[in-house]
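Report on the following structure.
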Amino acid sequence: MVKRAFIFPGQGTQIKDSDVQYILNFPTARDIIRKSSSLVNLNIEELLLKGVSPEDTEISQLVTYVLSLSLFYTLESRGITADFVAGHSLGEFSALTASRVMSFEDGLNIVKARGRIMADACREIKGGMIAVLGMDKDELLSIISSFTEVEAVNFNSPKQIVISGKEPTLSMVESILKEKGAKRVVRLNVAGPFHSSFLKEYSERFYVEFIENLRISDPKIEFISSVNGKILRNKKEIKDCLRIQMYSPVRWVDVVRTLEDIGSLEVVEIGTSNVLTNLVKQCTSKLNILGNALEVLGRNL
């Protein structure tokens, strides 16, 4: 029997007005968006329609979480369910909510707090992230190894690795990578050096204040963590990963390898773009990519 995996994107995906209007036609999605607005005292619908800059870390993470869960619950209400869930960076919290590890309300509060703490880090640390395309991983790691303020943080596919670090070292490394033959070097529209060790103290603060005493459950849907690429089946494993998630690399290639090992599997991106599914395609041809949530909903009306 074919099983299905839902994958949840991180912050930064731009959303078209037409897609937002389409989503608002679904009662379940509309209810989730309006409920969220009430809980956090923000007009999420308005924010979705006007757009949020990825550099607005706190609001961008909150809006992405709400959008992903509104689509997830809409799919479930139509009988389109998942056997496995995984998320990229912020998307890990969407996946944990989808797997019933935490309630939607707790997830909303945690994502809001995470965004606020990461925004604090961005104000205090001048840095950023760069996607490096078309360079061998070992060569890239060798080049950056002599720079203490730059780290490889997102292993997205064999063709794409993201580095994170402080300025001005990051700009220096950017120039070197271009000279050394990287096919493309792209600055990401984020406010700081996410998933790097520079966020360790902020991650610990987040854990102590919001995760350590959080009541969570074992996953009801198999959950694959992008911290280590493994299926996590109990509360302790999950809390251990959440303690380091903010400053640990995103091991998306390992997530895809785990999905491959499961066998015959359909994959749906729980967002309005195909950013993650395109990364999956760069890693493997063995999975059946169904597209994003809007595409799947459109085919099942």
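How things are named: the first chain in the structure tokens is A, the next is B, and so on; residues count from 1 in each chain; ligands count from 1 in the order shown.
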request  = With a distance cut-off of 6 Å and only C-alpha atoms, select the neighbouring residues of region 132-146 of chain A, excluding the residue or stretch itself and same-chain residues fewer than 3 positions from it, and output the selection as a PyMOL selection string.
outcome  = chain A and resi 159-162+182-185
File dump, residues just selected, N, CA and C atoms, as a CSV table (one decimal), in the first residue's frame:
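Full text of out23.csv as output:
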```csv
chain,number,residue,atom,x,y,z
A,159,LYS,N,23.0,19.5,-4.8
A,159,LYS,CA,23.3,20.7,-5.6
A,159,LYS,C,23.2,22.0,-4.8
A,160,GLN,N,22.8,21.9,-3.5
A,160,GLN,CA,22.5,23.2,-2.8
A,160,GLN,C,22.9,23.0,-1.3
A,161,ILE,N,23.8,23.9,-0.9
A,161,ILE,CA,24.2,23.9,0.6
A,161,ILE,C,24.1,25.4,0.9
A,162,VAL,N,23.5,25.7,2.1
A,162,VAL,CA,23.4,27.1,2.6
A,162,VAL,C,24.5,27.3,3.7
A,182,ALA,N,31.7,28.1,-7.8
A,182,ALA,CA,30.4,27.8,-7.5
A,182,ALA,C,29.5,28.3,-8.6
A,183,LYS,N,28.5,27.5,-9.0
A,183,LYS,CA,27.7,27.8,-10.2
A,183,LYS,C,26.8,29.0,-9.9
A,184,ARG,N,26.3,29.1,-8.7
A,184,ARG,CA,25.6,30.3,-8.2
A,184,ARG,C,25.8,30.5,-6.7
A,185,VAL,N,25.8,31.8,-6.3
A,185,VAL,CA,25.9,32.1,-4.9
A,185,VAL,C,24.9,33.2,-4.7
```
Every residue of region 45-194 of chain A that DSSP places in helix (DSSP H, G or I), as a PDB file with N, CA and C atoms, in the first residue's frame:
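selection.pdb, freshly written:
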```pdb
ATOM      1  N   GLU A  45      -5.032  37.127   8.257  1.00  0.00           N
ATOM      2  CA  GLU A  45      -5.549  37.188   6.885  1.00  0.00           C
ATOM      3  C   GLU A  45      -4.989  38.403   6.156  1.00  0.00           C
ATOM      4  N   GLU A  46      -4.995  39.535   6.811  1.00  0.00           N
ATOM      5  CA  GLU A  46      -4.463  40.760   6.209  1.00  0.00           C
ATOM      6  C   GLU A  46      -2.968  40.627   5.931  1.00  0.00           C
ATOM      7  N   LEU A  47      -2.240  40.037   6.876  1.00  0.00           N
ATOM      8  CA  LEU A  47      -0.797  39.848   6.691  1.00  0.00           C
ATOM      9  C   LEU A  47      -0.512  38.930   5.504  1.00  0.00           C
ATOM     10  N   LEU A  48      -1.317  37.880   5.352  1.00  0.00           N
ATOM     11  CA  LEU A  48      -1.148  36.975   4.212  1.00  0.00           C
ATOM     12  C   LEU A  48      -1.400  37.702   2.901  1.00  0.00           C
ATOM     13  N   LEU A  49      -2.422  38.559   2.883  1.00  0.00           N
ATOM     14  CA  LEU A  49      -2.799  39.241   1.644  1.00  0.00           C
ATOM     15  C   LEU A  49      -1.794  40.329   1.254  1.00  0.00           C
ATOM     16  N   LYS A  50      -1.268  41.041   2.246  1.00  0.00           N
ATOM     17  CA  LYS A  50      -0.336  42.132   1.906  1.00  0.00           C
ATOM     18  C   LYS A  50       1.109  41.648   1.802  1.00  0.00           C
ATOM     19  N   THR A  57      11.421  38.509  11.031  1.00  0.00           N
ATOM     20  CA  THR A  57      11.539  37.123  11.481  1.00  0.00           C
ATOM     21  C   THR A  57      10.341  36.660  12.301  1.00  0.00           C
ATOM     22  N   GLU A  58       9.919  37.475  13.255  1.00  0.00           N
ATOM     23  CA  GLU A  58       8.837  37.050  14.166  1.00  0.00           C
ATOM     24  C   GLU A  58       7.534  36.844  13.412  1.00  0.00           C
ATOM     25  N   ILE A  59       7.127  37.813  12.611  1.00  0.00           N
ATOM     26  CA  ILE A  59       5.841  37.728  11.921  1.00  0.00           C
ATOM     27  C   ILE A  59       5.888  36.708  10.787  1.00  0.00           C
ATOM     28  N   SER A  60       7.011  36.646  10.091  1.00  0.00           N
ATOM     29  CA  SER A  60       7.148  35.703   8.979  1.00  0.00           C
ATOM     30  C   SER A  60       6.991  34.260   9.460  1.00  0.00           C
ATOM     31  N   GLN A  61       7.596  33.931  10.600  1.00  0.00           N
ATOM     32  CA  GLN A  61       7.484  32.568  11.110  1.00  0.00           C
ATOM     33  C   GLN A  61       6.056  32.260  11.533  1.00  0.00           C
ATOM     34  N   LEU A  62       5.420  33.212  12.180  1.00  0.00           N
ATOM     35  CA  LEU A  62       4.049  33.024  12.651  1.00  0.00           C
ATOM     36  C   LEU A  62       3.091  32.793  11.482  1.00  0.00           C
ATOM     37  N   VAL A  63       3.194  33.633  10.463  1.00  0.00           N
ATOM     38  CA  VAL A  63       2.304  33.533   9.304  1.00  0.00           C
ATOM     39  C   VAL A  63       2.530  32.217   8.557  1.00  0.00           C
ATOM     40  N   THR A  64       3.778  31.815   8.411  1.00  0.00           N
ATOM     41  CA  THR A  64       4.077  30.561   7.726  1.00  0.00           C
ATOM     42  C   THR A  64       3.472  29.369   8.465  1.00  0.00           C
ATOM     43  N   TYR A  65       3.603  29.365   9.777  1.00  0.00           N
ATOM     44  CA  TYR A  65       3.031  28.285  10.596  1.00  0.00           C
ATOM     45  C   TYR A  65       1.518  28.210  10.404  1.00  0.00           C
ATOM     46  N   VAL A  66       0.841  29.350  10.498  1.00  0.00           N
ATOM     47  CA  VAL A  66      -0.626  29.374  10.368  1.00  0.00           C
ATOM     48  C   VAL A  66      -1.049  28.909   8.984  1.00  0.00           C
ATOM     49  N   LEU A  67      -0.373  29.398   7.957  1.00  0.00           N
ATOM     50  CA  LEU A  67      -0.723  28.989   6.595  1.00  0.00           C
ATOM     51  C   LEU A  67      -0.559  27.485   6.418  1.00  0.00           C
ATOM     52  N   SER A  68       0.565  26.937   6.876  1.00  0.00           N
ATOM     53  CA  SER A  68       0.820  25.506   6.715  1.00  0.00           C
ATOM     54  C   SER A  68      -0.248  24.669   7.423  1.00  0.00           C
ATOM     55  N   LEU A  69      -0.588  25.041   8.645  1.00  0.00           N
ATOM     56  CA  LEU A  69      -1.569  24.256   9.395  1.00  0.00           C
ATOM     57  C   LEU A  69      -2.968  24.429   8.838  1.00  0.00           C
ATOM     58  N   SER A  70      -3.279  25.596   8.290  1.00  0.00           N
ATOM     59  CA  SER A  70      -4.595  25.774   7.666  1.00  0.00           C
ATOM     60  C   SER A  70      -4.735  24.840   6.462  1.00  0.00           C
ATOM     61  N   LEU A  71      -3.657  24.659   5.712  1.00  0.00           N
ATOM     62  CA  LEU A  71      -3.673  23.743   4.584  1.00  0.00           C
ATOM     63  C   LEU A  71      -3.691  22.285   5.046  1.00  0.00           C
ATOM     64  N   PHE A  72      -2.936  21.995   6.095  1.00  0.00           N
ATOM     65  CA  PHE A  72      -2.897  20.624   6.618  1.00  0.00           C
ATOM     66  C   PHE A  72      -4.279  20.170   7.073  1.00  0.00           C
ATOM     67  N   TYR A  73      -4.945  20.988   7.881  1.00  0.00           N
ATOM     68  CA  TYR A  73      -6.257  20.596   8.394  1.00  0.00           C
ATOM     69  C   TYR A  73      -7.300  20.544   7.268  1.00  0.00           C
ATOM     70  N   THR A  74      -7.140  21.383   6.259  1.00  0.00           N
ATOM     71  CA  THR A  74      -8.045  21.326   5.104  1.00  0.00           C
ATOM     72  C   THR A  74      -7.881  20.004   4.364  1.00  0.00           C
ATOM     73  N   LEU A  75      -6.651  19.596   4.137  1.00  0.00           N
ATOM     74  CA  LEU A  75      -6.413  18.305   3.485  1.00  0.00           C
ATOM     75  C   LEU A  75      -7.005  17.168   4.314  1.00  0.00           C
ATOM     76  N   GLU A  76      -6.766  17.185   5.622  1.00  0.00           N
ATOM     77  CA  GLU A  76      -7.313  16.131   6.479  1.00  0.00           C
ATOM     78  C   GLU A  76      -8.835  16.099   6.428  1.00  0.00           C
ATOM     79  N   SER A  77      -9.458  17.264   6.389  1.00  0.00           N
ATOM     80  CA  SER A  77     -10.921  17.322   6.367  1.00  0.00           C
ATOM     81  C   SER A  77     -11.489  16.715   5.093  1.00  0.00           C
ATOM     82  N   GLY A  91       9.473  24.796   9.659  1.00  0.00           N
ATOM     83  CA  GLY A  91       8.479  23.794   9.275  1.00  0.00           C
ATOM     84  C   GLY A  91       8.463  22.586  10.193  1.00  0.00           C
ATOM     85  N   GLU A  92       9.533  22.401  10.964  1.00  0.00           N
ATOM     86  CA  GLU A  92       9.574  21.301  11.916  1.00  0.00           C
ATOM     87  C   GLU A  92       8.477  21.462  12.981  1.00  0.00           C
ATOM     88  N   PHE A  93       8.168  22.697  13.357  1.00  0.00           N
ATOM     89  CA  PHE A  93       7.124  22.938  14.345  1.00  0.00           C
ATOM     90  C   PHE A  93       5.742  22.706  13.741  1.00  0.00           C
ATOM     91  N   SER A  94       5.580  23.031  12.473  1.00  0.00           N
ATOM     92  CA  SER A  94       4.331  22.707  11.777  1.00  0.00           C
ATOM     93  C   SER A  94       4.138  21.194  11.725  1.00  0.00           C
ATOM     94  N   ALA A  95       5.219  20.473  11.429  1.00  0.00           N
ATOM     95  CA  ALA A  95       5.152  19.014  11.340  1.00  0.00           C
ATOM     96  C   ALA A  95       4.838  18.397  12.706  1.00  0.00           C
ATOM     97  N   LEU A  96       5.424  18.941  13.764  1.00  0.00           N
ATOM     98  CA  LEU A  96       5.160  18.423  15.107  1.00  0.00           C
ATOM     99  C   LEU A  96       3.702  18.647  15.506  1.00  0.00           C
ATOM    100  N   THR A  97       3.144  19.786  15.125  1.00  0.00           N
ATOM    101  CA  THR A  97       1.731  20.032  15.393  1.00  0.00           C
ATOM    102  C   THR A  97       0.863  19.072  14.594  1.00  0.00           C
ATOM    103  N   ALA A  98       1.208  18.880  13.322  1.00  0.00           N
ATOM    104  CA  ALA A  98       0.446  17.961  12.478  1.00  0.00           C
ATOM    105  C   ALA A  98       0.457  16.538  13.021  1.00  0.00           C
ATOM    106  N   PHE A 104      -2.298  22.795  18.419  1.00  0.00           N
ATOM    107  CA  PHE A 104      -2.146  23.928  17.517  1.00  0.00           C
ATOM    108  C   PHE A 104      -1.882  25.202  18.309  1.00  0.00           C
ATOM    109  N   GLU A 105      -2.616  25.385  19.417  1.00  0.00           N
ATOM    110  CA  GLU A 105      -2.468  26.594  20.225  1.00  0.00           C
ATOM    111  C   GLU A 105      -1.073  26.681  20.838  1.00  0.00           C
ATOM    112  N   ASP A 106      -0.567  25.560  21.371  1.00  0.00           N
ATOM    113  CA  ASP A 106       0.789  25.569  21.930  1.00  0.00           C
ATOM    114  C   ASP A 106       1.817  25.845  20.836  1.00  0.00           C
ATOM    115  N   GLY A 107       1.620  25.217  19.686  1.00  0.00           N
ATOM    116  CA  GLY A 107       2.530  25.453  18.569  1.00  0.00           C
ATOM    117  C   GLY A 107       2.558  26.908  18.155  1.00  0.00           C
ATOM    118  N   LEU A 108       1.399  27.536  18.134  1.00  0.00           N
ATOM    119  CA  LEU A 108       1.297  28.948  17.765  1.00  0.00           C
ATOM    120  C   LEU A 108       2.087  29.815  18.748  1.00  0.00           C
ATOM    121  N   ASN A 109       1.912  29.558  20.040  1.00  0.00           N
ATOM    122  CA  ASN A 109       2.639  30.334  21.053  1.00  0.00           C
ATOM    123  C   ASN A 109       4.142  30.103  20.972  1.00  0.00           C
ATOM    124  N   ILE A 110       4.520  28.855  20.712  1.00  0.00           N
ATOM    125  CA  ILE A 110       5.947  28.519  20.641  1.00  0.00           C
ATOM    126  C   ILE A 110       6.598  29.164  19.419  1.00  0.00           C
ATOM    127  N   VAL A 111       5.911  29.120  18.286  1.00  0.00           N
ATOM    128  CA  VAL A 111       6.457  29.725  17.065  1.00  0.00           C
ATOM    129  C   VAL A 111       6.571  31.242  17.233  1.00  0.00           C
ATOM    130  N   LYS A 112       5.583  31.845  17.878  1.00  0.00           N
ATOM    131  CA  LYS A 112       5.652  33.286  18.129  1.00  0.00           C
ATOM    132  C   LYS A 112       6.862  33.615  18.995  1.00  0.00           C
ATOM    133  N   ALA A 113       7.073  32.816  20.048  1.00  0.00           N
ATOM    134  CA  ALA A 113       8.222  33.038  20.939  1.00  0.00           C
ATOM    135  C   ALA A 113       9.540  32.798  20.216  1.00  0.00           C
ATOM    136  N   ARG A 114       9.583  31.726  19.419  1.00  0.00           N
ATOM    137  CA  ARG A 114      10.805  31.416  18.664  1.00  0.00           C
ATOM    138  C   ARG A 114      11.165  32.565  17.728  1.00  0.00           C
ATOM    139  N   GLY A 115      10.165  33.082  17.024  1.00  0.00           N
ATOM    140  CA  GLY A 115      10.415  34.187  16.108  1.00  0.00           C
ATOM    141  C   GLY A 115      10.910  35.421  16.825  1.00  0.00           C
ATOM    142  N   ARG A 116      10.335  35.687  18.011  1.00  0.00           N
ATOM    143  CA  ARG A 116      10.746  36.864  18.780  1.00  0.00           C
ATOM    144  C   ARG A 116      12.186  36.724  19.262  1.00  0.00           C
ATOM    145  N   ILE A 117      12.540  35.543  19.743  1.00  0.00           N
ATOM    146  CA  ILE A 117      13.898  35.322  20.244  1.00  0.00           C
ATOM    147  C   ILE A 117      14.914  35.373  19.103  1.00  0.00           C
ATOM    148  N   MET A 118      14.554  34.797  17.962  1.00  0.00           N
ATOM    149  CA  MET A 118      15.459  34.853  16.811  1.00  0.00           C
ATOM    150  C   MET A 118      15.588  36.274  16.283  1.00  0.00           C
ATOM    151  N   ALA A 119      14.511  37.052  16.369  1.00  0.00           N
ATOM    152  CA  ALA A 119      14.581  38.463  15.975  1.00  0.00           C
ATOM    153  C   ALA A 119      15.527  39.225  16.908  1.00  0.00           C
ATOM    154  N   ASP A 120      15.489  38.886  18.208  1.00  0.00           N
ATOM    155  CA  ASP A 120      16.442  39.492  19.156  1.00  0.00           C
ATOM    156  C   ASP A 120      17.883  39.184  18.733  1.00  0.00           C
ATOM    157  N   ALA A 121      18.114  37.929  18.351  1.00  0.00           N
ATOM    158  CA  ALA A 121      19.459  37.531  17.911  1.00  0.00           C
ATOM    159  C   ALA A 121      19.893  38.333  16.692  1.00  0.00           C
ATOM    160  N   CYS A 122      18.971  38.529  15.767  1.00  0.00           N
ATOM    161  CA  CYS A 122      19.308  39.255  14.533  1.00  0.00           C
ATOM    162  C   CYS A 122      19.676  40.710  14.811  1.00  0.00           C
ATOM    163  N   ARG A 123      19.038  41.301  15.814  1.00  0.00           N
ATOM    164  CA  ARG A 123      19.374  42.685  16.167  1.00  0.00           C
ATOM    165  C   ARG A 123      20.748  42.786  16.809  1.00  0.00           C
ATOM    166  N   GLU A 124      21.174  41.704  17.446  1.00  0.00           N
ATOM    167  CA  GLU A 124      22.431  41.716  18.187  1.00  0.00           C
ATOM    168  C   GLU A 124      23.610  41.157  17.388  1.00  0.00           C
ATOM    169  N   LYS A 137      30.221  19.315  -2.043  1.00  0.00           N
ATOM    170  CA  LYS A 137      30.119  19.556  -0.604  1.00  0.00           C
ATOM    171  C   LYS A 137      31.489  19.576   0.061  1.00  0.00           C
ATOM    172  N   ASP A 138      32.335  18.614  -0.240  1.00  0.00           N
ATOM    173  CA  ASP A 138      33.650  18.546   0.403  1.00  0.00           C
ATOM    174  C   ASP A 138      34.504  19.758   0.066  1.00  0.00           C
ATOM    175  N   GLU A 139      34.403  20.214  -1.187  1.00  0.00           N
ATOM    176  CA  GLU A 139      35.164  21.402  -1.585  1.00  0.00           C
ATOM    177  C   GLU A 139      34.662  22.629  -0.823  1.00  0.00           C
ATOM    178  N   LEU A 140      33.351  22.766  -0.726  1.00  0.00           N
ATOM    179  CA  LEU A 140      32.776  23.895  -0.004  1.00  0.00           C
ATOM    180  C   LEU A 140      33.208  23.884   1.464  1.00  0.00           C
ATOM    181  N   LEU A 141      33.098  22.722   2.093  1.00  0.00           N
ATOM    182  CA  LEU A 141      33.474  22.627   3.505  1.00  0.00           C
ATOM    183  C   LEU A 141      34.950  22.931   3.708  1.00  0.00           C
ATOM    184  N   SER A 142      35.775  22.518   2.749  1.00  0.00           N
ATOM    185  CA  SER A 142      37.207  22.803   2.836  1.00  0.00           C
ATOM    186  C   SER A 142      37.479  24.307   2.747  1.00  0.00           C
ATOM    187  N   ILE A 143      36.762  24.981   1.858  1.00  0.00           N
ATOM    188  CA  ILE A 143      36.970  26.420   1.666  1.00  0.00           C
ATOM    189  C   ILE A 143      36.604  27.200   2.916  1.00  0.00           C
ATOM    190  N   ILE A 144      35.481  26.844   3.539  1.00  0.00           N
ATOM    191  CA  ILE A 144      35.018  27.641   4.680  1.00  0.00           C
ATOM    192  C   ILE A 144      35.658  27.211   6.005  1.00  0.00           C
ATOM    193  N   THR A 169      32.848  38.665   7.459  1.00  0.00           N
ATOM    194  CA  THR A 169      33.447  37.412   6.992  1.00  0.00           C
ATOM    195  C   THR A 169      32.580  36.738   5.940  1.00  0.00           C
ATOM    196  N   LEU A 170      31.260  36.794   6.117  1.00  0.00           N
ATOM    197  CA  LEU A 170      30.350  36.144   5.168  1.00  0.00           C
ATOM    198  C   LEU A 170      30.519  36.713   3.769  1.00  0.00           C
ATOM    199  N   SER A 171      30.654  38.020   3.663  1.00  0.00           N
ATOM    200  CA  SER A 171      30.857  38.659   2.347  1.00  0.00           C
ATOM    201  C   SER A 171      32.188  38.251   1.737  1.00  0.00           C
ATOM    202  N   MET A 172      33.192  38.102   2.572  1.00  0.00           N
ATOM    203  CA  MET A 172      34.503  37.670   2.091  1.00  0.00           C
ATOM    204  C   MET A 172      34.415  36.255   1.512  1.00  0.00           C
ATOM    205  N   VAL A 173      33.763  35.359   2.238  1.00  0.00           N
ATOM    206  CA  VAL A 173      33.612  33.979   1.772  1.00  0.00           C
ATOM    207  C   VAL A 173      32.759  33.929   0.508  1.00  0.00           C
ATOM    208  N   GLU A 174      31.749  34.778   0.432  1.00  0.00           N
ATOM    209  CA  GLU A 174      30.902  34.851  -0.764  1.00  0.00           C
ATOM    210  C   GLU A 174      31.747  35.100  -2.009  1.00  0.00           C
ATOM    211  N   SER A 175      32.677  36.051  -1.932  1.00  0.00           N
ATOM    212  CA  SER A 175      33.555  36.373  -3.070  1.00  0.00           C
ATOM    213  C   SER A 175      34.467  35.201  -3.417  1.00  0.00           C
ATOM    214  N   ILE A 176      34.991  34.531  -2.398  1.00  0.00           N
ATOM    215  CA  ILE A 176      35.893  33.397  -2.629  1.00  0.00           C
ATOM    216  C   ILE A 176      35.158  32.258  -3.322  1.00  0.00           C
ATOM    217  N   LEU A 177      33.941  31.980  -2.902  1.00  0.00           N
ATOM    218  CA  LEU A 177      33.168  30.882  -3.508  1.00  0.00           C
ATOM    219  C   LEU A 177      32.887  31.164  -4.976  1.00  0.00           C
ATOM    220  N   LYS A 178      32.615  32.407  -5.308  1.00  0.00           N
ATOM    221  CA  LYS A 178      32.402  32.769  -6.711  1.00  0.00           C
ATOM    222  C   LYS A 178      33.682  32.534  -7.513  1.00  0.00           C
ATOM    223  N   GLU A 179      34.813  32.902  -6.930  1.00  0.00           N
ATOM    224  CA  GLU A 179      36.099  32.718  -7.615  1.00  0.00           C
ATOM    225  C   GLU A 179      36.447  31.242  -7.782  1.00  0.00           C
TER     226      GLU A 179
END
```
Using only C-alpha atoms, which protein or nucleic acid residues come within 10 Å of Val296 (chain A)? Drop anything in the same chain fewer than 3 positions from it, and give the result as a CSV table (one decimal) with N, CA and C atoms, in the first residue's frame.
```
chain,number,residue,atom,x,y,z
A,75,LEU,N,-6.7,19.6,4.1
A,75,LEU,CA,-6.4,18.3,3.5
A,75,LEU,C,-7.0,17.2,4.3
A,80,ILE,N,-7.5,13.5,2.9
A,80,ILE,CA,-6.1,13.4,2.4
A,80,ILE,C,-5.2,13.5,3.6
A,268,VAL,N,3.8,15.4,-0.5
A,268,VAL,CA,3.0,16.6,-0.7
A,268,VAL,C,3.7,17.7,0.1
A,269,GLU,N,3.9,18.9,-0.5
A,269,GLU,CA,4.5,20.0,0.2
A,269,GLU,C,3.3,20.8,0.8
A,270,ILE,N,3.3,21.0,2.1
A,270,ILE,CA,2.1,21.7,2.7
A,270,ILE,C,2.4,23.2,2.7
A,290,LEU,N,3.6,14.6,-5.5
A,290,LEU,CA,2.3,15.0,-5.9
A,290,LEU,C,2.1,16.5,-6.1
A,291,GLY,N,3.1,17.3,-5.6
A,291,GLY,CA,3.0,18.7,-5.7
A,291,GLY,C,2.7,19.4,-4.4
A,292,ASN,N,2.3,20.7,-4.4
A,292,ASN,CA,2.0,21.4,-3.2
A,292,ASN,C,0.5,21.2,-2.8
A,293,ALA,N,0.1,21.7,-1.6
A,293,ALA,CA,-1.2,21.4,-1.1
A,293,ALA,C,-2.3,22.0,-2.0
A,299,ARG,N,-6.9,19.0,-7.4
A,299,ARG,CA,-7.2,17.8,-8.1
A,299,ARG,C,-8.3,16.9,-7.4
A,300,ASN,N,-8.6,17.3,-6.1
A,300,ASN,CA,-9.5,16.5,-5.3
A,300,ASN,C,-10.8,17.2,-5.0
A,301,LEU,N,-11.1,18.3,-5.6
A,301,LEU,CA,-12.3,19.0,-5.4
A,301,LEU,C,-13.5,18.2,-5.8
```
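For the set A:Arg187, A:Lys126, A:Lys230, A:Lys166, the residue with the smallest atom-to-atom gap to Glu149 (chain A) is A:Lys166, counting only C-alpha atoms.
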List every residue of region 148-261 of chain A that has an atom at most 12 Å from any atom of region 7-11 of chain A, and for each one report the closest atom pair and its distance in Å to one decimal, counting only C-alpha atoms, with rows sorted by chain and then by increasing residue number, as JSON lines.
```
{"residue": "A:Asn154", "atom": "CA", "partner": "A:Gly10", "partner_atom": "CA", "distance": 11.8}
{"residue": "A:Leu188", "atom": "CA", "partner": "A:Gln11", "partner_atom": "CA", "distance": 11.3}
{"residue": "A:Asn189", "atom": "CA", "partner": "A:Gln11", "partner_atom": "CA", "distance": 10.2}
{"residue": "A:Val190", "atom": "CA", "partner": "A:Gln11", "partner_atom": "CA", "distance": 9.0}
{"residue": "A:Ala191", "atom": "CA", "partner": "A:Gln11", "partner_atom": "CA", "distance": 11.5}
{"residue": "A:Phe194", "atom": "CA", "partner": "A:Gln11", "partner_atom": "CA", "distance": 11.4}
{"residue": "A:Glu222", "atom": "CA", "partner": "A:Ile7", "partner_atom": "CA", "distance": 11.9}
{"residue": "A:Phe223", "atom": "CA", "partner": "A:Ile7", "partner_atom": "CA", "distance": 10.2}
{"residue": "A:Ile224", "atom": "CA", "partner": "A:Ile7", "partner_atom": "CA", "distance": 9.6}
{"residue": "A:Ser225", "atom": "CA", "partner": "A:Ile7", "partner_atom": "CA", "distance": 10.9}
{"residue": "A:Ser226", "atom": "CA", "partner": "A:Ile7", "partner_atom": "CA", "distance": 10.7}
{"residue": "A:Val250", "atom": "CA", "partner": "A:Gly10", "partner_atom": "CA", "distance": 10.7}
{"residue": "A:Trp252", "atom": "CA", "partner": "A:Ile7", "partner_atom": "CA", "distance": 10.7}
{"residue": "A:Val255", "atom": "CA", "partner": "A:Ile7", "partner_atom": "CA", "distance": 10.0}
{"residue": "A:Val256", "atom": "CA", "partner": "A:Ile7", "partner_atom": "CA", "distance": 10.3}
{"residue": "A:Leu259", "atom": "CA", "partner": "A:Ile7", "partner_atom": "CA", "distance": 10.7}
```
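If you look at CA of Gly181 (chain A) and CA of Ser196 (chain A), they are 24.2 Å away from each other.
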query = Skipping near chain neighbours, those fewer than 3 positions away, what residues fall within 10 Å of region 240-242 of chain A using only C-alpha atoms, listed as a ChimeraX atom specification?
reply = /A:92-93,203-204,206-207,211-212,225-228,232,235-237,245-248
With N, CA and C atoms retained, could you export that selection as a CSV table (one decimal), in the first residue's frame?
```csv
chain,number,residue,atom,x,y,z
A,92,GLU,N,9.5,22.4,11.0
A,92,GLU,CA,9.6,21.3,11.9
A,92,GLU,C,8.5,21.5,13.0
A,93,PHE,N,8.2,22.7,13.4
A,93,PHE,CA,7.1,22.9,14.3
A,93,PHE,C,5.7,22.7,13.7
A,203,SER,N,19.0,29.7,21.6
A,203,SER,CA,18.3,28.4,21.6
A,203,SER,C,18.1,27.9,23.0
A,204,GLU,N,19.1,28.0,23.8
A,204,GLU,CA,19.0,27.6,25.2
A,204,GLU,C,17.9,28.4,25.9
A,206,PHE,N,15.3,29.8,24.6
A,206,PHE,CA,14.0,29.3,24.0
A,206,PHE,C,13.6,28.0,24.7
A,207,TYR,N,14.6,27.1,24.8
A,207,TYR,CA,14.3,25.8,25.4
A,207,TYR,C,13.9,25.9,26.8
A,211,ILE,N,10.2,25.2,26.0
A,211,ILE,CA,10.1,23.8,25.6
A,211,ILE,C,10.3,22.9,26.8
A,212,GLU,N,11.2,23.2,27.7
A,212,GLU,CA,11.5,22.2,28.8
A,212,GLU,C,10.3,21.7,29.5
A,225,SER,N,12.8,14.1,11.9
A,225,SER,CA,13.4,15.4,12.3
A,225,SER,C,14.5,15.8,11.3
A,226,SER,N,14.5,17.1,10.9
A,226,SER,CA,15.6,17.6,10.0
A,226,SER,C,16.8,17.9,10.8
A,227,VAL,N,16.8,17.8,12.2
A,227,VAL,CA,18.0,17.9,13.0
A,227,VAL,C,19.0,16.8,12.7
A,228,ASN,N,18.4,15.6,12.6
A,228,ASN,CA,19.3,14.4,12.4
A,228,ASN,C,18.8,13.5,11.3
A,232,LEU,N,11.6,10.1,14.9
A,232,LEU,CA,11.6,10.2,16.3
A,232,LEU,C,10.3,9.8,16.8
A,235,LYS,N,8.8,11.4,23.2
A,235,LYS,CA,8.8,12.8,23.7
A,235,LYS,C,10.2,13.2,24.0
A,236,LYS,N,11.0,12.4,24.7
A,236,LYS,CA,12.4,12.7,25.1
A,236,LYS,C,13.2,13.1,23.8
A,237,GLU,N,13.2,12.2,22.8
A,237,GLU,CA,14.0,12.4,21.6
A,237,GLU,C,13.6,13.7,21.0
A,245,GLN,N,17.7,22.7,18.0
A,245,GLN,CA,17.2,22.9,16.6
A,245,GLN,C,17.5,24.2,16.0
A,246,MET,N,17.5,25.3,16.9
A,246,MET,CA,17.7,26.6,16.4
A,246,MET,C,19.1,26.9,15.9
A,247,TYR,N,20.1,26.2,16.5
A,247,TYR,CA,21.5,26.4,16.0
A,247,TYR,C,22.1,25.2,15.4
A,248,SER,N,21.3,24.2,15.0
A,248,SER,CA,21.8,23.0,14.3
A,248,SER,C,21.6,23.1,12.8
```
message = Please return, as a PyMOL selection string, all residues of region 81-288 of chain A that DSSP assigns to strand (DSSP E) on the basis of the backbone.
response = chain A and resi 84-87+127-133+150-157+160-166+184-187+222-224+231-232+265-269+288
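The residue set within 7 Å of Ala5 (chain A), counting only C-alpha atoms and dropping same-chain residues fewer than 5 places from it, reads Ala82, Asp83, Phe84, Val85, Leu265, Glu266, Val267 and Val268 of chain A.
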